[in-house]
>>> print(open('structure-v4.txt').read())   # compact mmCIF, C-alpha atoms and all ligand atoms
# COMPACT_ATOMS: atom_id res chain seq x y z
CA MET D 165 -8.48 97.17 312.97
CA THR D 166 -11.91 98.26 314.16
CA THR D 167 -14.83 97.75 311.86
CA ASP D 168 -15.87 101.41 312.21
CA THR D 169 -12.76 102.72 310.52
CA ARG D 170 -13.11 100.57 307.44
CA LEU D 171 -12.97 102.25 304.09
CA ASP D 172 -15.99 102.64 301.88
CA VAL D 173 -15.09 99.74 299.65
CA HIS D 174 -17.64 97.28 298.40
CA PRO D 175 -17.07 93.52 298.28
CA ILE D 176 -14.76 92.48 295.52
CA GLY D 177 -16.16 91.02 292.34
CA PRO D 178 -18.88 91.78 289.86
CA ASP D 179 -22.46 92.18 290.97
CA PRO D 180 -24.43 88.97 291.17
CA GLY D 181 -26.58 88.60 288.13
CA THR D 182 -23.93 89.91 285.78
CA ARG D 183 -21.86 86.75 285.58
CA ARG D 184 -22.04 83.00 285.36
CA GLY D 185 -19.27 81.79 287.67
CA SER D 186 -15.85 80.49 286.70
CA THR D 187 -14.69 77.30 285.11
CA LEU D 188 -12.58 75.05 287.31
CA GLU D 189 -10.46 72.43 285.62
CA ALA D 190 -8.55 69.70 287.44
CA VAL D 191 -5.77 68.30 285.30
CA GLY D 192 -4.03 65.09 286.33
CA VAL D 193 -4.55 65.66 290.05
CA SER D 194 -3.00 63.08 292.37
CA ALA D 195 -2.96 63.36 296.16
CA TRP D 196 -1.15 61.72 299.06
CA PHE D 197 -1.38 61.62 302.84
CA GLY D 198 2.17 60.68 303.82
CA ASP D 199 3.16 57.69 301.67
CA ARG D 200 -0.42 56.78 300.91
CA LYS D 201 -1.72 57.85 297.54
CA VAL D 202 -5.44 58.55 297.79
CA LEU D 203 -6.18 60.12 294.38
CA ASP D 204 -4.73 59.11 291.04
CA ARG D 205 -4.60 61.46 288.06
CA VAL D 206 -8.05 62.96 288.37
CA SER D 207 -9.05 65.23 285.50
CA LEU D 208 -12.39 66.98 285.52
CA THR D 209 -13.86 70.17 284.10
CA MET D 210 -16.40 71.89 286.30
CA SER D 211 -18.05 74.35 283.97
CA ALA D 212 -19.05 77.93 284.70
CA GLY D 213 -22.60 78.32 285.87
CA GLN D 214 -23.18 74.58 286.27
CA VAL D 215 -23.63 72.28 289.24
CA THR D 216 -21.19 69.36 289.19
CA ALA D 217 -21.91 66.47 291.57
CA LEU D 218 -19.12 64.24 292.87
CA ILE D 219 -20.44 60.80 293.77
CA GLY D 220 -18.86 57.55 294.88
CA PRO D 221 -18.47 55.24 297.88
CA SER D 222 -17.01 56.35 301.19
CA GLY D 223 -13.25 56.80 301.18
CA CYS D 224 -12.76 57.18 297.42
CA GLY D 225 -11.34 60.69 297.77
CA LYS D 226 -14.27 63.00 296.97
CA SER D 227 -13.70 65.31 299.94
CA THR D 228 -9.96 65.30 299.38
CA PHE D 229 -10.53 66.31 295.77
CA LEU D 230 -12.94 69.07 296.88
CA ARG D 231 -10.39 70.40 299.38
CA ILE D 232 -7.75 70.46 296.66
CA LEU D 233 -9.99 72.78 294.66
CA ASN D 234 -9.58 75.63 297.16
CA ARG D 235 -6.16 74.78 298.59
CA MET D 236 -7.39 73.34 301.87
CA HIS D 237 -5.67 70.00 301.27
CA GLU D 238 -2.28 71.57 301.92
CA LEU D 239 -3.34 72.45 305.48
CA VAL D 240 -2.79 68.79 306.45
CA PRO D 241 0.92 68.50 307.34
CA SER D 242 1.41 65.12 305.64
CA ALA D 243 -0.52 66.09 302.51
CA ALA D 244 1.04 66.25 299.05
CA LEU D 245 -0.33 66.97 295.62
CA ALA D 246 0.51 66.71 291.93
CA GLY D 247 -1.27 68.14 288.90
CA GLU D 248 -2.98 71.43 288.21
CA VAL D 249 -6.23 73.10 289.19
CA ARG D 250 -7.08 75.83 286.70
CA LEU D 251 -9.51 78.55 287.66
CA ASP D 252 -10.51 80.29 284.44
CA GLY D 253 -7.29 78.96 282.95
CA THR D 254 -4.85 79.94 285.73
CA ASP D 255 -3.35 77.24 287.95
CA ILE D 256 -4.30 78.09 291.55
CA TYR D 257 -1.12 76.27 292.66
CA ASP D 258 1.15 78.42 290.49
CA GLU D 259 3.62 80.27 292.72
CA SER D 260 2.26 83.59 291.46
CA GLN D 261 -1.15 82.79 293.00
CA ARG D 262 -1.95 83.82 296.57
CA ILE D 263 -3.81 81.35 298.74
CA THR D 264 -6.08 84.07 300.16
CA GLY D 265 -7.13 85.11 296.65
CA THR D 266 -8.04 81.53 295.78
CA ARG D 267 -10.01 81.05 298.99
CA ARG D 268 -11.97 84.20 298.29
CA ARG D 269 -12.85 83.08 294.76
CA VAL D 270 -13.55 79.48 295.75
CA GLY D 271 -15.78 79.24 298.83
CA MET D 272 -16.63 76.14 300.85
CA VAL D 273 -19.72 74.95 302.72
CA PHE D 274 -19.19 71.99 305.01
CA GLN D 275 -21.20 68.92 305.97
CA LYS D 276 -22.02 70.20 309.44
CA PRO D 277 -23.34 73.77 309.60
CA ASN D 278 -20.66 75.83 311.33
CA PRO D 279 -21.94 79.34 312.00
CA PHE D 280 -20.35 81.28 314.86
CA PRO D 281 -23.05 80.37 317.42
CA ALA D 282 -22.71 83.37 319.75
CA MET D 283 -22.47 85.89 316.91
CA THR D 284 -25.61 87.57 315.56
CA ILE D 285 -27.11 86.41 312.28
CA ALA D 286 -26.02 89.64 310.57
CA ASP D 287 -22.47 89.40 311.92
CA ASN D 288 -22.24 85.78 310.80
CA VAL D 289 -22.87 86.94 307.23
CA LEU D 290 -20.27 89.69 307.54
CA ALA D 291 -17.75 87.35 309.18
CA GLY D 292 -16.85 85.95 305.77
CA LEU D 293 -15.76 89.41 304.69
CA ARG D 294 -13.73 89.98 307.83
CA LEU D 295 -11.96 86.63 307.52
CA THR D 296 -10.83 87.44 304.00
CA GLY D 297 -9.92 91.04 304.86
CA THR D 298 -12.53 92.44 302.48
CA LYS D 299 -13.50 95.95 303.49
CA VAL D 300 -17.07 97.13 303.49
CA SER D 301 -18.41 100.43 304.76
CA ARG D 302 -20.79 100.55 307.69
CA GLY D 303 -23.48 102.04 305.45
CA HIS D 304 -23.16 99.21 302.97
CA ARG D 305 -23.19 96.39 305.52
CA ASP D 306 -26.97 96.15 305.84
CA ASP D 307 -27.21 95.81 302.05
CA VAL D 308 -24.66 93.00 302.03
CA VAL D 309 -26.49 91.17 304.82
CA GLU D 310 -29.85 91.43 303.06
CA GLU D 311 -28.47 90.51 299.66
CA CYS D 312 -26.59 87.45 300.89
CA LEU D 313 -29.40 86.17 303.10
CA THR D 314 -31.79 86.62 300.17
CA ARG D 315 -29.53 84.71 297.80
CA ALA D 316 -29.16 81.97 300.41
CA GLY D 317 -32.96 81.75 300.70
CA LEU D 318 -33.02 82.78 304.37
CA TRP D 319 -33.95 86.47 304.36
CA GLN D 320 -37.70 86.10 304.81
CA GLU D 321 -37.23 83.83 307.82
CA VAL D 322 -34.73 86.00 309.69
CA LYS D 323 -35.20 89.61 308.54
CA ASP D 324 -36.92 90.52 311.82
CA ARG D 325 -34.28 88.96 314.05
CA LEU D 326 -30.94 89.81 312.51
CA LYS D 327 -29.53 90.49 315.97
CA SER D 328 -30.42 87.01 317.28
CA ARG D 329 -27.64 84.51 317.74
CA GLY D 330 -26.74 82.37 314.74
CA GLY D 331 -26.70 79.35 317.05
CA ALA D 332 -30.42 79.81 317.77
CA LEU D 333 -31.42 78.90 314.20
CA SER D 334 -32.47 75.42 313.11
CA GLY D 335 -29.88 73.18 311.46
CA GLY D 336 -31.19 73.90 307.98
CA GLN D 337 -31.30 77.63 308.64
CA GLN D 338 -27.76 77.49 310.02
CA GLN D 339 -26.60 75.82 306.82
CA ARG D 340 -28.24 78.54 304.73
CA LEU D 341 -26.59 81.12 307.03
CA CYS D 342 -23.23 79.48 306.24
CA ILE D 343 -24.06 79.71 302.54
CA ALA D 344 -24.87 83.41 303.01
CA ARG D 345 -21.53 83.87 304.80
CA SER D 346 -19.73 82.24 301.86
CA LEU D 347 -21.61 84.41 299.37
CA ALA D 348 -20.63 87.65 301.13
CA VAL D 349 -17.19 87.59 299.50
CA ARG D 350 -18.82 86.98 296.11
CA PRO D 351 -17.06 83.75 295.23
CA ASP D 352 -16.96 82.52 291.65
CA VAL D 353 -17.15 78.91 292.81
CA LEU D 354 -18.91 77.33 295.80
CA LEU D 355 -17.75 73.91 296.99
CA MET D 356 -20.29 71.99 299.07
CA ASP D 357 -19.26 68.89 300.99
CA GLU D 358 -22.42 66.88 301.72
CA PRO D 359 -24.24 70.08 302.73
CA CYS D 360 -27.53 68.32 303.50
CA SER D 361 -26.36 65.16 305.22
CA ALA D 362 -27.15 66.56 308.68
CA LEU D 363 -30.52 67.99 307.65
CA ASP D 364 -34.15 66.82 307.56
CA PRO D 365 -35.96 66.42 304.21
CA THR D 366 -37.63 69.84 304.33
CA SER D 367 -34.36 71.64 305.05
CA THR D 368 -32.69 69.54 302.37
CA ARG D 369 -35.27 70.68 299.86
CA ARG D 370 -34.69 74.34 300.81
CA ILE D 371 -30.94 73.96 300.30
CA GLU D 372 -31.52 72.26 296.94
CA GLU D 373 -33.75 75.16 295.88
CA THR D 374 -31.03 77.55 296.99
CA ILE D 375 -28.44 75.63 294.96
CA ALA D 376 -30.65 75.86 291.86
CA VAL D 377 -30.94 79.64 292.18
CA LEU D 378 -27.28 80.19 293.02
CA SER D 379 -26.07 78.06 290.14
CA GLN D 380 -27.18 80.78 287.75
CA GLU D 381 -24.39 82.98 289.11
CA VAL D 382 -21.89 80.73 290.86
CA THR D 383 -20.21 77.51 289.74
CA ILE D 384 -21.14 74.81 292.25
CA VAL D 385 -19.35 71.55 293.02
CA ILE D 386 -21.21 69.32 295.46
CA VAL D 387 -20.23 66.05 297.12
CA THR D 388 -23.28 63.95 297.89
CA HIS D 389 -24.08 60.38 298.89
CA ASN D 390 -27.68 60.94 297.95
CA MET D 391 -28.20 59.79 294.36
CA GLN D 392 -31.61 61.42 294.10
CA GLN D 393 -30.04 64.67 295.19
CA ALA D 394 -27.24 64.38 292.62
CA ALA D 395 -29.84 63.75 289.93
CA ARG D 396 -31.99 66.65 291.11
CA VAL D 397 -29.41 69.38 291.54
CA SER D 398 -26.57 68.71 289.10
CA GLN D 399 -26.09 69.07 285.37
CA ASP D 400 -22.73 67.26 285.39
CA CYS D 401 -21.58 64.35 287.46
CA ALA D 402 -18.32 62.49 288.20
CA PHE D 403 -18.22 58.98 289.65
CA PHE D 404 -15.19 58.36 291.89
CA LEU D 405 -14.05 54.90 292.95
CA ALA D 406 -11.17 53.44 294.97
CA GLU D 407 -10.94 49.71 294.32
CA ALA D 408 -9.00 47.13 296.32
CA ARG D 409 -6.87 49.64 298.24
CA GLN D 410 -6.01 51.50 295.07
CA PRO D 411 -6.13 55.32 295.09
CA GLY D 412 -9.40 56.92 294.09
CA HIS D 413 -9.96 57.83 290.47
CA ILE D 414 -12.80 58.94 288.22
CA VAL D 415 -14.50 56.01 286.51
CA GLU D 416 -16.54 58.30 284.31
CA SER D 417 -17.92 61.81 284.19
CA GLY D 418 -20.33 63.70 281.99
CA PRO D 419 -23.87 65.04 281.85
CA THR D 420 -25.83 63.82 284.87
CA LYS D 421 -28.70 62.67 282.66
CA LYS D 422 -26.38 60.36 280.75
CA ILE D 423 -24.50 59.09 283.83
CA PHE D 424 -27.80 58.20 285.47
CA SER D 425 -29.52 56.71 282.43
CA THR D 426 -26.89 55.20 280.14
CA PRO D 427 -23.50 55.14 281.88
CA ASP D 428 -20.59 53.71 279.92
CA ASP D 429 -19.19 51.67 282.81
CA PRO D 430 -21.16 48.92 284.59
CA ARG D 431 -19.59 49.95 287.92
CA THR D 432 -21.29 53.35 287.60
CA SER D 433 -24.63 51.72 287.03
CA ASP D 434 -24.09 49.32 289.94
CA TYR D 435 -23.23 52.18 292.30
CA ILE D 436 -26.07 54.45 291.23
CA ASN D 437 -28.53 51.59 291.60
CA GLY D 438 -27.29 50.78 295.08
CA ARG D 439 -25.66 47.45 294.27
CA PHE D 440 -22.53 48.49 296.23
CA GLY D 441 -21.13 51.38 298.27
N1 LIG D 501 -6.28 64.06 307.13
C1 LIG D 501 -6.08 62.82 306.62
N2 LIG D 501 -4.99 62.12 306.96
C2 LIG D 501 -4.77 60.88 306.46
N3 LIG D 501 -5.62 60.25 305.60
C3 LIG D 501 -6.73 60.91 305.24
C4 LIG D 501 -7.02 62.23 305.73
N4 LIG D 501 -8.20 62.62 305.19
C5 LIG D 501 -8.62 61.60 304.40
N5 LIG D 501 -7.74 60.59 304.44
C6 LIG D 501 -7.86 59.32 303.70
O1 LIG D 501 -7.96 59.64 302.31
C7 LIG D 501 -8.89 58.75 301.68
C8 LIG D 501 -9.96 59.58 300.99
O2 LIG D 501 -10.73 60.22 301.99
P1 LIG D 501 -11.89 61.25 301.63
O3 LIG D 501 -12.42 61.79 302.92
O4 LIG D 501 -11.40 62.20 300.63
O5 LIG D 501 -12.95 60.27 300.95
P2 LIG D 501 -14.49 60.53 300.65
O6 LIG D 501 -14.77 59.87 299.36
O7 LIG D 501 -14.79 61.97 300.76
O8 LIG D 501 -15.18 59.74 301.82
P3 LIG D 501 -16.60 60.01 302.54
O9 LIG D 501 -17.62 59.85 301.45
O10 LIG D 501 -16.70 58.97 303.57
O11 LIG D 501 -16.55 61.40 303.10
C9 LIG D 501 -9.47 57.85 302.76
O12 LIG D 501 -8.80 56.61 302.71
C10 LIG D 501 -9.14 58.58 304.05
O13 LIG D 501 -8.91 57.67 305.10
>>> encode(input="structure-v4.txt", output="structure tokens")
Amino acid sequence: MTTDTRLDVHPIGPDPGTRRGSTLEAVGVSAWFGDRKVLDRVSLTMSAGQVTALIGPSGCGKSTFLRILNRMHELVPSAALAGEVRLDGTDIYDESQRITGTRRRVGMVFQKPNPFPAMTIADNVLAGLRLTGTKVSRGHRDDVVEECLTRAGLWQEVKDRLKSRGGALSGGQQQRLCIARSLAVRPDVLLMDEPCSALDPTSTRRIEETIAVLSQEVTIVIVTHNMQQAARVSQDCAFFLAEARQPGHIVESGPTKKIFSTPDDPRTSDYINGRFG
């Protein structure tokens, strides 16, 4: 299919500003790689319009849990899963649910910025639409590019060079370009797996500002090793732990303010205060 023959159809979903994201609810989620169980009965509600931070030491299953939330876990041949993930009440693993529909509603931004380096900045934004088969008219494409780059906090920096290669941007700009690409399909939920770990402090701050703005419209779940970042950007927080070769589980979850000030479990306090992990 050539892009020029696409129908005059706008991206799917309500206009930004008219909604507050979707609620994601994990219910009794367990996960395996082969025989090895890596998550044990994880239940967590990630509320609409909130930022939920997933924290915990390396290897406790945070990324696996995140990948379960948009059906990427099942791409690993040895992977298995139990439990439910409800998106606004509907289990995304129910056989009536199509994987492409879930991926469109639940976007993902990865640790390492991964724009298409040889593609122009504008085409990088539109690539998200092409990958999900969402049609957009030629006349509407410029609007989508501007809107998404604006929402990702990148428009002012790139508006005069939209035809430059995505690979020519700085690391932080590339990450915001990837966020813009995710936003083009108007997801209800954005999953972010350590989105700032490869970035300098200034770029990190820009991404955090972007997260704060986006969270008014999109539900955000972020994995971070940076406790200050979790405290800054999230309203809710879940502390994962895998002890003594046991599968990862949630020790406690709740409002970030409470988790960081008066956690119920001493292991949470020890981790947050850098006494292990
Ligand atoms: N593709 C895979 N095949 C086999 N085992 C895997 C795979 N991916 C992850 N694991 C294992 O699952 C467990 C959880 O890994 P995961 O990456 O989810 O942890 P994490 O908390 O995100 O770690 P980190 O903070 O270091 O990214 C680890 O023991 C890891 O070795």
>>> residues_near_point(input="structure-v4.txt", point="(-2.1, 57.5, 299.9)", cutoff="12 Å", atoms="all atoms listed in the file", output="VMD selection string")
chain D and resid 194 to 204 223 to 225 228 242 to 245 406 409 to 412
>>> closest_residue(input="structure-v4.txt", among="D:Ile219, D:Leu326, D:Ala402, D:Ile436", to="ligand LIG 501 (chain D)", atoms="only C-alpha atoms and all ligand atoms")
D:Ile219
>>> residues_around(input="structure-v4.txt", residues="stretch 304-321 of chain D", least_positions_apart="2", cutoff="8 Å", atoms="all atoms listed in the file", output="ChimeraX atom specification")
/D:174,286,289-290,300-302,323-324,337,340-341,343-345,347-348,370,374,377-378
>>> closest_residue(input="structure-v4.txt", among="D:Gln339, D:Gln214, D:Thr383, D:Gln399", to="D:Thr368", atoms="all atoms listed in the file")
D:Gln339
>>> closest_residue(input="structure-v4.txt", among="D:Arg262, D:Arg205, D:Arg325, D:Arg350", to="D:Gly292", atoms="only C-alpha atoms")
D:Arg350
>>> atom_distance(input="structure-v4.txt", atom1="atom CA of D:Ser222", atom2="atom CA of D:Tyr435")
11.6 Å
>>> closest_residue(input="structure-v4.txt", among="D:Arg369, D:Lys226, D:Arg431, D:Arg329", to="ligand LIG 501 (chain D)", atoms="all atoms listed in the file")
D:Lys226
